[in-house]
Each structure stands twice: as structure tokens, then as C-alpha cells.
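*Asks:* Sharing model_15.csv (CSV, C-alpha atoms) below.
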```
chain,number,residue,atom,x,y,z
A,1,MET,CA,-42.7,27.2,32.6
A,2,THR,CA,-45.8,29.2,33.3
A,3,GLN,CA,-49.2,27.7,32.7
A,4,LYS,CA,-49.6,30.0,29.7
A,5,GLN,CA,-46.4,28.7,28.1
A,6,ILE,CA,-47.4,25.0,28.8
A,7,ILE,CA,-50.8,25.5,27.1
A,8,LEU,CA,-49.1,27.2,24.2
A,9,THR,CA,-46.7,24.3,23.9
A,10,VAL,CA,-49.4,21.7,24.1
A,11,PHE,CA,-51.4,23.6,21.4
A,12,GLY,CA,-48.4,23.7,19.1
A,13,MET,CA,-47.8,20.0,19.7
A,14,GLY,CA,-51.5,19.4,18.7
A,15,VAL,CA,-51.1,21.4,15.5
A,16,VAL,CA,-48.0,19.7,14.3
A,17,THR,CA,-49.5,16.3,15.1
A,18,TYR,CA,-52.7,16.9,13.4
A,19,ILE,CA,-51.3,18.2,10.1
A,20,PRO,CA,-49.5,14.9,9.0
A,21,ARG,CA,-52.6,13.0,10.1
A,22,CYS,CA,-55.0,14.8,7.9
A,23,LEU,CA,-53.0,15.9,4.9
A,24,PRO,CA,-53.1,12.6,3.0
A,25,PHE,CA,-56.8,12.3,3.4
A,26,LEU,CA,-57.4,15.8,2.0
A,27,PHE,CA,-54.9,15.3,-0.8
A,28,PHE,CA,-56.5,12.0,-2.0
A,29,SER,CA,-60.1,12.7,-1.2
A,30,ASN,CA,-60.9,14.0,-4.7
A,31,ARG,CA,-58.1,12.3,-6.6
A,32,LYS,CA,-57.8,8.7,-7.7
A,33,ILE,CA,-54.8,6.9,-6.2
A,34,PRO,CA,-52.7,5.3,-9.0
A,35,LYS,CA,-52.5,1.5,-8.8
A,36,ARG,CA,-48.7,1.6,-8.4
A,37,LEU,CA,-48.9,3.9,-5.4
A,38,GLU,CA,-51.6,1.8,-3.9
A,39,LYS,CA,-49.3,-1.2,-4.1
A,40,TRP,CA,-46.5,0.8,-2.6
A,41,LEU,CA,-48.7,2.0,0.2
A,42,SER,CA,-49.7,-1.6,1.0
A,43,PHE,CA,-46.2,-2.3,2.2
A,44,ILE,CA,-46.2,0.6,4.7
A,45,PRO,CA,-48.1,-1.1,7.6
A,46,ILE,CA,-45.8,-4.1,8.0
A,47,SER,CA,-42.8,-1.9,7.5
A,48,ILE,CA,-43.9,0.5,10.2
A,49,PHE,CA,-44.6,-2.2,12.7
A,50,GLY,CA,-41.3,-3.9,11.9
A,51,SER,CA,-39.4,-0.7,12.4
A,52,LEU,CA,-41.2,0.0,15.7
A,53,ILE,CA,-40.7,-3.5,17.1
A,54,PHE,CA,-37.1,-4.5,16.3
A,55,PRO,CA,-35.3,-1.6,18.0
A,56,GLU,CA,-37.6,-1.9,21.0
A,57,ILE,CA,-36.9,-5.6,21.6
A,58,LEU,CA,-33.3,-6.0,20.3
A,59,THR,CA,-31.6,-2.9,21.8
A,60,SER,CA,-31.3,-1.5,25.2
A,61,GLU,CA,-29.5,1.8,25.8
A,62,ASN,CA,-28.0,1.8,22.3
A,63,ILE,CA,-26.6,-1.7,22.6
A,64,LEU,CA,-27.7,-4.7,20.5
A,65,ASP,CA,-28.7,-7.6,22.8
A,66,ILE,CA,-29.6,-10.8,21.1
A,67,SER,CA,-29.5,-13.5,23.8
A,68,PHE,CA,-31.7,-15.5,26.1
A,69,SER,CA,-31.1,-13.1,29.0
A,70,ASN,CA,-33.0,-10.4,26.9
A,71,ILE,CA,-36.5,-11.1,28.5
A,72,LYS,CA,-38.2,-8.8,26.0
A,73,LEU,CA,-36.9,-10.8,23.1
A,74,VAL,CA,-37.9,-14.1,24.6
A,75,VAL,CA,-41.4,-12.9,25.5
A,76,SER,CA,-41.8,-11.2,22.1
A,77,PHE,CA,-41.0,-14.5,20.4
A,78,ILE,CA,-43.8,-16.2,22.4
A,79,VAL,CA,-46.2,-13.3,21.7
A,80,PHE,CA,-45.4,-13.7,18.0
A,81,VAL,CA,-46.3,-17.4,18.1
A,82,ILE,CA,-49.5,-16.7,20.1
A,83,ALA,CA,-50.6,-13.9,17.7
A,84,PHE,CA,-49.9,-16.3,14.7
A,85,LYS,CA,-51.9,-19.2,16.2
A,86,THR,CA,-54.8,-17.3,17.9
A,87,ARG,CA,-55.1,-14.2,15.6
A,88,SER,CA,-56.2,-12.4,18.7
A,89,MET,CA,-54.6,-9.1,19.7
A,90,GLY,CA,-56.2,-9.1,23.1
A,91,TRP,CA,-54.7,-12.5,24.1
A,92,SER,CA,-51.3,-11.6,22.7
A,93,ILE,CA,-51.2,-8.5,24.8
A,94,VAL,CA,-52.5,-10.1,28.0
A,95,VAL,CA,-50.2,-13.1,27.8
A,96,GLY,CA,-47.3,-10.9,26.8
A,97,MET,CA,-47.7,-8.6,29.7
A,98,ILE,CA,-48.1,-11.4,32.3
A,99,LEU,CA,-45.1,-13.3,30.9
A,100,PHE,CA,-43.0,-10.1,30.9
A,101,TRP,CA,-44.0,-9.3,34.4
A,102,ILE,CA,-43.2,-12.8,35.7
A,103,LEU,CA,-39.9,-13.3,33.9
A,104,GLY,CA,-38.9,-9.7,34.8
A,105,ARG,CA,-39.4,-10.5,38.5
A,106,GLY,CA,-37.7,-13.8,38.3
A,107,LEU,CA,-34.5,-12.3,37.0
A,108,MET,CA,-34.4,-9.3,39.3
B,1,MET,CA,-92.4,4.3,10.2
B,2,PHE,CA,-91.8,3.9,13.9
B,3,ARG,CA,-90.7,0.3,13.2
B,4,ILE,CA,-88.2,1.6,10.7
B,5,ILE,CA,-86.7,3.9,13.2
B,6,ILE,CA,-86.4,1.1,15.7
B,7,LYS,CA,-84.8,-1.1,13.1
B,8,ASN,CA,-82.4,1.6,12.1
B,9,ASN,CA,-81.5,2.2,15.8
B,10,LYS,CA,-81.0,-1.5,16.2
B,11,LYS,CA,-78.7,-1.6,13.2
B,12,ARG,CA,-76.8,1.5,14.4
B,13,ASN,CA,-76.4,-0.1,17.9
B,14,GLU,CA,-75.1,-3.2,16.3
B,15,LEU,CA,-72.5,-1.2,14.3
B,16,MET,CA,-71.5,0.6,17.4
B,17,LEU,CA,-71.1,-2.7,19.3
B,18,ASN,CA,-68.9,-4.0,16.6
B,19,GLY,CA,-66.8,-0.9,16.9
B,20,ILE,CA,-66.6,-1.3,20.7
B,21,LYS,CA,-65.7,-4.9,20.3
B,22,ALA,CA,-62.9,-4.0,17.9
B,23,ALA,CA,-61.6,-1.3,20.2
B,24,TRP,CA,-61.2,-3.4,23.4
B,25,PRO,CA,-57.6,-4.5,22.7
B,26,ILE,CA,-56.7,-0.8,22.4
B,27,CYS,CA,-58.4,0.0,25.7
B,28,LEU,CA,-56.4,-2.8,27.3
B,29,GLY,CA,-53.2,-1.2,26.2
B,30,TYR,CA,-54.3,2.4,26.5
B,31,PHE,CA,-55.6,2.4,30.0
B,32,PRO,CA,-52.4,1.4,31.8
B,33,LEU,CA,-50.3,3.4,29.3
B,34,GLY,CA,-52.4,6.5,29.5
B,35,PHE,CA,-52.4,6.2,33.3
B,36,ALA,CA,-48.6,5.9,33.3
B,37,CYS,CA,-48.4,8.9,31.0
B,38,GLY,CA,-50.6,10.9,33.4
B,39,VAL,CA,-48.4,9.9,36.4
B,40,LEU,CA,-45.2,10.9,34.7
B,41,ALA,CA,-46.8,14.2,33.6
B,42,GLN,CA,-47.9,15.0,37.1
B,43,LYS,CA,-44.4,14.2,38.4
B,44,SER,CA,-42.8,16.6,35.9
B,45,GLY,CA,-45.1,19.4,37.2
B,46,LEU,CA,-48.1,19.4,35.0
B,47,CYS,CA,-51.6,19.7,36.6
B,48,PRO,CA,-54.5,17.4,35.6
B,49,PHE,CA,-56.0,20.2,33.5
B,50,GLU,CA,-52.8,20.5,31.4
B,51,ILE,CA,-52.5,16.8,31.2
B,52,GLY,CA,-56.0,16.4,29.9
B,53,LEU,CA,-55.5,19.2,27.5
B,54,MET,CA,-52.3,17.6,26.2
B,55,SER,CA,-54.1,14.2,25.7
B,56,ILE,CA,-56.9,15.9,23.8
B,57,PHE,CA,-54.8,18.1,21.6
B,58,VAL,CA,-52.0,15.6,20.9
B,59,PHE,CA,-53.6,12.1,21.4
B,60,ALA,CA,-50.3,10.3,20.7
B,61,GLY,CA,-48.6,8.1,23.3
B,62,SER,CA,-45.0,8.1,22.5
B,63,ALA,CA,-44.9,11.9,21.7
B,64,GLN,CA,-46.5,12.7,25.0
B,65,PHE,CA,-44.0,10.6,26.9
B,66,ILE,CA,-41.1,12.3,25.2
B,67,ALA,CA,-42.6,15.8,25.6
B,68,ILE,CA,-43.2,15.1,29.3
B,69,SER,CA,-39.6,14.2,29.8
B,70,MET,CA,-38.6,17.4,28.0
B,71,PHE,CA,-40.9,19.5,30.2
B,72,ASN,CA,-39.0,17.8,33.1
B,73,ASN,CA,-35.6,18.8,31.6
B,74,SER,CA,-36.9,22.4,31.0
B,75,ALA,CA,-36.5,22.2,27.2
B,76,THR,CA,-37.6,25.2,25.1
B,77,ILE,CA,-41.1,25.4,23.7
B,78,PHE,CA,-39.8,25.2,20.2
B,79,SER,CA,-37.8,22.0,20.8
B,80,ILE,CA,-40.7,20.2,22.4
B,81,ILE,CA,-43.0,21.1,19.5
B,82,PHE,CA,-40.3,20.1,17.0
B,83,ALA,CA,-39.7,16.8,18.7
B,84,THR,CA,-43.4,16.1,18.7
B,85,PHE,CA,-43.6,16.8,15.0
B,86,ILE,CA,-40.7,14.4,14.1
B,87,ILE,CA,-42.1,11.7,16.3
B,88,ASN,CA,-45.6,11.9,14.9
B,89,LEU,CA,-44.6,12.4,11.3
B,90,ARG,CA,-45.1,8.6,10.8
B,91,HIS,CA,-48.9,9.1,11.0
B,92,ILE,CA,-48.6,10.6,7.5
B,93,LEU,CA,-47.8,7.1,6.2
B,94,MET,CA,-50.6,5.6,8.2
B,95,SER,CA,-53.2,8.1,6.9
B,96,SER,CA,-51.9,7.6,3.4
B,97,SER,CA,-52.5,3.9,3.5
B,98,LEU,CA,-56.0,4.4,5.0
B,99,THR,CA,-57.1,6.7,2.2
B,100,VAL,CA,-57.7,3.7,0.0
B,101,TYR,CA,-60.5,2.6,2.3
B,102,LEU,CA,-62.0,6.0,3.1
B,103,ARG,CA,-62.6,7.1,-0.4
B,104,GLY,CA,-66.0,8.8,-0.9
B,105,ALA,CA,-66.2,10.0,2.7
B,106,SER,CA,-67.1,13.7,3.2
B,107,ARG,CA,-64.4,16.3,4.0
B,108,LYS,CA,-65.9,16.8,7.4
B,109,PHE,CA,-65.7,13.1,8.2
B,110,LEU,CA,-62.1,13.0,7.0
B,111,LEU,CA,-61.1,16.0,9.2
B,112,LEU,CA,-62.6,14.3,12.2
B,113,PHE,CA,-61.4,10.9,11.4
B,114,SER,CA,-57.8,11.9,10.8
B,115,TYR,CA,-57.6,13.4,14.3
B,116,GLY,CA,-57.9,9.9,15.7
B,117,VAL,CA,-55.3,8.2,13.6
B,118,THR,CA,-52.8,6.6,16.0
B,119,ASP,CA,-50.6,3.5,15.8
B,120,GLU,CA,-53.3,1.4,17.4
B,121,THR,CA,-56.5,2.7,15.8
B,122,PHE,CA,-54.7,2.7,12.4
B,123,ALA,CA,-53.8,-1.0,12.9
B,124,ILE,CA,-57.2,-2.1,14.1
B,125,ASN,CA,-59.1,-0.2,11.4
B,126,LEU,CA,-56.8,-1.3,8.7
B,127,ASP,CA,-57.2,-4.9,9.8
B,128,LYS,CA,-61.0,-4.6,9.8
B,129,PHE,CA,-61.1,-2.8,6.5
B,130,LYS,CA,-59.1,-5.5,4.9
B,131,THR,CA,-61.7,-8.2,5.9
B,132,GLY,CA,-64.2,-6.1,4.0
B,133,THR,CA,-66.9,-5.9,6.7
B,134,TRP,CA,-65.9,-2.6,8.1
B,135,ASN,CA,-67.6,0.7,7.3
B,136,HIS,CA,-66.6,4.4,7.9
B,137,SER,CA,-68.7,4.9,11.0
B,138,GLN,CA,-67.4,1.8,12.7
B,139,ALA,CA,-63.9,3.0,12.1
B,140,LEU,CA,-64.7,6.4,13.5
B,141,THR,CA,-66.2,4.7,16.6
B,142,VAL,CA,-62.9,2.9,17.2
B,143,ASN,CA,-61.1,6.2,17.0
B,144,HIS,CA,-63.5,7.9,19.4
B,145,ILE,CA,-63.4,5.1,22.0
B,146,ALA,CA,-59.6,5.0,21.9
B,147,ASN,CA,-59.6,8.8,22.3
B,148,VAL,CA,-62.0,8.8,25.3
B,149,VAL,CA,-60.1,6.0,27.0
B,150,TRP,CA,-56.8,7.8,26.4
B,151,VAL,CA,-58.0,11.1,27.8
B,152,ILE,CA,-59.7,9.6,30.9
B,153,SER,CA,-56.7,7.4,31.7
B,154,ASN,CA,-54.3,10.4,31.3
B,155,ILE,CA,-56.3,12.5,33.7
B,156,ALA,CA,-56.8,9.6,36.1
B,157,GLY,CA,-53.0,9.2,36.2
B,158,GLY,CA,-52.6,12.9,36.8
B,159,TYR,CA,-54.8,12.7,39.9
B,160,GLY,CA,-54.1,9.3,41.4
B,161,GLY,CA,-50.6,8.5,40.2
B,162,SER,CA,-48.6,9.4,43.3
B,163,MET,CA,-50.5,6.9,45.4
B,164,ILE,CA,-50.2,3.8,43.2
B,165,PRO,CA,-46.8,2.1,42.4
B,166,ILE,CA,-46.7,1.2,38.7
B,167,ASN,CA,-44.3,-0.9,36.8
B,168,THR,CA,-43.8,1.2,33.6
B,169,SER,CA,-41.7,-1.4,31.8
B,170,VAL,CA,-44.6,-3.9,31.9
B,171,ILE,CA,-47.0,-1.3,30.8
B,172,ASN,CA,-44.7,-0.2,27.9
B,173,TYR,CA,-44.5,-3.8,26.9
B,174,SER,CA,-48.3,-3.9,26.2
B,175,LEU,CA,-47.6,-1.6,23.3
B,176,THR,CA,-44.8,-3.8,22.0
B,177,ALA,CA,-47.1,-6.9,22.3
B,178,MET,CA,-49.8,-5.0,20.3
B,179,PHE,CA,-47.3,-4.1,17.6
B,180,ILE,CA,-46.1,-7.7,17.3
B,181,SER,CA,-49.7,-9.0,16.8
B,182,LEU,CA,-50.3,-6.3,14.3
B,183,PHE,CA,-47.2,-7.2,12.5
B,184,VAL,CA,-48.4,-10.8,12.3
B,185,PHE,CA,-51.8,-9.8,11.0
B,186,GLN,CA,-50.2,-7.8,8.2
B,187,ILE,CA,-48.4,-10.9,6.8
B,188,LYS,CA,-49.9,-11.6,3.3
B,189,ASN,CA,-47.1,-13.4,1.6
B,190,LYS,CA,-43.3,-13.8,1.8
B,191,ILE,CA,-42.6,-10.4,0.3
B,192,TYR,CA,-44.5,-8.7,3.1
B,193,VAL,CA,-42.5,-10.7,5.7
B,194,LEU,CA,-39.3,-9.7,4.0
B,195,ALA,CA,-40.3,-6.0,3.9
B,196,GLY,CA,-41.1,-6.2,7.7
B,197,ILE,CA,-37.8,-7.8,8.5
B,198,ILE,CA,-35.9,-5.3,6.3
B,199,ALA,CA,-37.7,-2.5,8.0
B,200,GLY,CA,-36.8,-3.9,11.4
B,201,ILE,CA,-33.1,-4.5,10.7
B,202,SER,CA,-32.6,-1.1,9.1
B,203,SER,CA,-34.5,0.5,11.9
B,204,VAL,CA,-32.2,-1.1,14.5
B,205,TYR,CA,-29.2,0.2,12.5
B,206,LEU,CA,-30.6,3.7,12.1
B,207,SER,CA,-31.7,3.9,15.7
B,208,PHE,CA,-28.0,4.0,16.6
B,209,VAL,CA,-27.4,6.8,14.1
B,210,PHE,CA,-30.4,9.1,14.9
B,211,GLN,CA,-31.2,10.6,18.3
B,212,SER,CA,-35.0,11.0,17.8
B,213,ASN,CA,-37.3,8.2,16.5
B,214,ILE,CA,-37.3,9.7,13.0
B,215,TYR,CA,-35.4,6.5,12.0
B,216,VAL,CA,-38.9,4.8,12.0
B,217,ILE,CA,-39.8,6.9,9.0
B,218,PHE,CA,-36.6,6.3,7.1
B,219,ALA,CA,-36.7,2.5,7.8
B,220,THR,CA,-40.3,2.3,6.8
B,221,LEU,CA,-39.8,4.2,3.5
B,222,PHE,CA,-36.8,2.1,2.7
B,223,ALA,CA,-38.5,-1.2,3.4
B,224,THR,CA,-41.7,-0.2,1.7
B,225,THR,CA,-39.8,0.6,-1.5
B,226,ILE,CA,-37.8,-2.6,-1.4
B,227,GLY,CA,-41.0,-4.6,-0.9
B,228,TYR,CA,-42.6,-2.8,-3.8
B,229,ILE,CA,-39.7,-3.4,-6.1
B,230,LEU,CA,-39.5,-7.1,-5.1
B,231,ASP,CA,-43.2,-7.4,-5.8
B,232,SER,CA,-43.0,-5.9,-9.3
B,233,PHE,CA,-40.1,-8.2,-10.1
B,234,ARG,CA,-42.1,-11.2,-9.0
B,235,LYS,CA,-44.9,-10.2,-11.4
B,236,GLU,CA,-42.6,-9.8,-14.3
B,237,GLY,CA,-40.7,-13.0,-13.7
```
Show me the file's structure as C-alpha cells.
*Replies:*
Amino acid sequence: MTQKQIILTVFGMGVVTYIPRCLPFLFFSNRKIPKRLEKWLSFIPISIFGSLIFPEILTSENILDISFSNIKLVVSFIVFVIAFKTRSMGWSIVVGMILFWILGRGLM
Amino acid sequence: MFRIIIKNNKKRNELMLNGIKAAWPICLGYFPLGFACGVLAQKSGLCPFEIGLMSIFVFAGSAQFIAISMFNNSATIFSIIFATFIINLRHILMSSSLTVYLRGASRKFLLLFSYGVTDETFAINLDKFKTGTWNHSQALTVNHIANVVWVISNIAGGYGGSMIPINTSVINYSLTAMFISLFVFQIKNKIYVLAGIIAGISSVYLSFVFQSNIYVIFATLFATTIGYILDSFRKEG
């Protein structure tokens, strides 16, 4: 690709990323959100995180792996407990990365 | 009058500081991730200028990673843009649930704020808004800080990447750890836990069906609706 094509691609990527981000704000900025919709929306965050996490930690290369040899799953369980107990995102990430690094090295 | 200005400045600084404090976990995850993103981009033939431009225009981790691998495999312009659209479509759900907290903000503010809605800023701001102590400008500060860290780390990766060996799987794990803690923070009662688990299971199943990560959207919509239905049953019963 030439630089011109790359910049054009990047620009296009920016446009299609921005539109879904701002549409809901513009749509709802001068409208009242119905109570029912608000309730429905309140389930979105936990559902998004659930659907981002599970495939990431339970599958590798399209195969389901639920076992103790799945380091990601083991570490994630510990991170879950840490997050629950400490309510600190920073600590959960730091401990998670260190554990993942150590266990990953140990098994390689 | 002078005193008032000082007082206002002090208050503003305090607000800024709160925003910075809230943003540090994002920086922790973003710096290594953005660096890795820059390194990979450089390896697939993008120069630091193009890498910087991409991180400013797109400002979305997973989409950039996938686009970079597509650049590497000489995909067409259209397919890269389309893949980006599908991957980032989930932000529409995040913005939708943030609208509740940003009512009354000006159009200009919303246009600027929405640019910075990512998985991470969304989660932090949502968490803070729920505690009730968060205001619009603090939320925008979090977005801006995350954005600056993201762009700088991307460009740094583009320059220095070839010299430093990086373990991408550990870096990628920082994102997963962040999502896990965000999942935990969202738990309000059993129905929310159930919705999260339903989302996870259906997402695993759908990930085998779909090539791109559009399954995240389907799984989220499905679990959100189930959660809503269960909740209304509980109220009636």
C-alpha cells in the first residue's frame, strides 16, 4: 500500500469507529430515556464484559479448554477473587500480569 | 475577586487530579498495550507517522491490532475498514448506557466525549458515575488522559519496538485482568451475575460460529435482554 492509501484507510477506520460512539449521545441528548430502556441498558456493561472475558480465557485457537493447564483460566480466577476483595482495578491488573508471566514461564 | 479565581483554580485542579487518579489503571494497561500495538504496526510496514495517525483517528486497541495484521496480509482498504466497523460497533452499546449520566451536556461536549469512549474509559467512567461523585469534566479528563497515553505509547512502540523484546501474551493479559475487575464491579445482584455468565457462555459458543468478534455484540444483546426479562419477572413475582 502507498502512504496515501494507508492514510485513507486509517481515516475510514476513524469515521466508522466514531459514528457508533457518538450516535447514541446525539439521539438521546434531547429525548427522555424511557424507564424500561434505562433498565435494559443497565444490563449492558456486565454482559459486554462477560462476553469479552469468557472466550478470551476459555478458548484457544477455537478449542474450549477448561482445565488446570489453562494458565489464563487459573490466573483469571485469582484475579476475580482479588478484584472482589480489594475493589481495586490497579492491583487486579498488576497481580494478574505478574502471575501470568511467572506461571507462563514455569510451564514453558 | 482574585481569591475567587484562586479558589476556582484549586477546585478545578482537584477535579483534574481525581480524573488522573481514576485514569491510572487505564494507563497501566494502555502503555504496554499501545507500545505493543506500535511495535506490531512498525513490523507490518507502517511508519511512526502513520501509526500515530491511526491511534488518533481510531483510538481503539483491538481494532488497531486486527487492522495491523490485515495490513500485513495485504487486505483491501474496504475489508480493513469494514472489519474495524464490526469490531468497534460494540461502542454503540457503551455510549447508550452512558447517555443516562451525561444528560444535559452540550452537543459540543458530547461530540468530544464520544470520541474517547473505549472499553476502558467506559468502564471507569461508568463505575465512577454510579458512585455519584463523578461530573462531566472529570469523565472527559479520563478520556483525554487515556487518549494521550494511547497515542504516545503507540508512537513510542513504532520507534523503539525493534530493540526491545516484548512478551505480547502478558501484555494482552492486562486487558483481560482489567475486564475481569470491571465485571466484578458491575455486580449489583444475582440477576446481573446471571446476565454476565449467560453473556459469557453464549459468547464462547458464538465465537466458534463467527469469524470476527461481532459475536460480542450478539452475546451482549442476548444476555442483556434475558437479564431485563428476569428482572421484570422478579418485580411482578
*Asks:* Rounded to one decimal, what separation in Å do you get between atom CA of Phe54 of chain A and atom CA of Tyr101 of chain B?
*Replies:*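 Distance reported for this atom pair: 28.2 Å.
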*Asks:* If you count only C-alpha atoms, which residues fall within 7 Å of Ile93 of chain A, apart from same-chain ones fewer than 6 positions away, as a ChimeraX atom specification?
*Replies:* /B:174,177-178
*Asks:* Could you tell me which of B:Thr99, B:Asn213, B:Leu15, B:Ile87 comes closest to Leu37 of chain A if we count only C-alpha atoms?
*Replies:*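 Comparing B:Thr99, B:Asn213, B:Leu15, B:Ile87 against Leu37 of chain A, the winner is B:Thr99.
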*Asks:* Give me the residues near segment 9-26 of chain A as a PDB file with C-alpha atoms, in the frame of the given file, where near means some atom within 8 Å (using all atoms listed in the file) and where sequence neighbours in that chain fewer than 2 positions away do not count.
*Replies:*
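Result went into out-v1.pdb, see below:
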```
ATOM      1  CA  GLN A   5     -46.400  28.700  28.100  1.00  0.00           C
ATOM      2  CA  ILE A   6     -47.400  25.000  28.800  1.00  0.00           C
ATOM      3  CA  ILE A   7     -50.800  25.500  27.100  1.00  0.00           C
ATOM      4  CA  PHE A  28     -56.500  12.000  -2.000  1.00  0.00           C
ATOM      5  CA  SER A  29     -60.100  12.700  -1.200  1.00  0.00           C
ATOM      6  CA  ASN A  30     -60.900  14.000  -4.700  1.00  0.00           C
TER       7      ASN A  30
ATOM      8  CA  LEU B  53     -55.500  19.200  27.500  1.00  0.00           C
ATOM      9  CA  MET B  54     -52.300  17.600  26.200  1.00  0.00           C
ATOM     10  CA  PHE B  57     -54.800  18.100  21.600  1.00  0.00           C
ATOM     11  CA  VAL B  58     -52.000  15.600  20.900  1.00  0.00           C
ATOM     12  CA  ILE B  77     -41.100  25.400  23.700  1.00  0.00           C
ATOM     13  CA  PHE B  78     -39.800  25.200  20.200  1.00  0.00           C
ATOM     14  CA  ILE B  80     -40.700  20.200  22.400  1.00  0.00           C
ATOM     15  CA  ILE B  81     -43.000  21.100  19.500  1.00  0.00           C
ATOM     16  CA  PHE B  82     -40.300  20.100  17.000  1.00  0.00           C
ATOM     17  CA  THR B  84     -43.400  16.100  18.700  1.00  0.00           C
ATOM     18  CA  PHE B  85     -43.600  16.800  15.000  1.00  0.00           C
ATOM     19  CA  ASN B  88     -45.600  11.900  14.900  1.00  0.00           C
ATOM     20  CA  LEU B  89     -44.600  12.400  11.300  1.00  0.00           C
ATOM     21  CA  ARG B  90     -45.100   8.600  10.800  1.00  0.00           C
ATOM     22  CA  HIS B  91     -48.900   9.100  11.000  1.00  0.00           C
ATOM     23  CA  ILE B  92     -48.600  10.600   7.500  1.00  0.00           C
ATOM     24  CA  MET B  94     -50.600   5.600   8.200  1.00  0.00           C
ATOM     25  CA  SER B  95     -53.200   8.100   6.900  1.00  0.00           C
ATOM     26  CA  SER B  96     -51.900   7.600   3.400  1.00  0.00           C
ATOM     27  CA  THR B  99     -57.100   6.700   2.200  1.00  0.00           C
ATOM     28  CA  ARG B 107     -64.400  16.300   4.000  1.00  0.00           C
ATOM     29  CA  LEU B 110     -62.100  13.000   7.000  1.00  0.00           C
ATOM     30  CA  LEU B 111     -61.100  16.000   9.200  1.00  0.00           C
ATOM     31  CA  SER B 114     -57.800  11.900  10.800  1.00  0.00           C
ATOM     32  CA  TYR B 115     -57.600  13.400  14.300  1.00  0.00           C
ATOM     33  CA  VAL B 117     -55.300   8.200  13.600  1.00  0.00           C
TER      34      VAL B 117
END
```
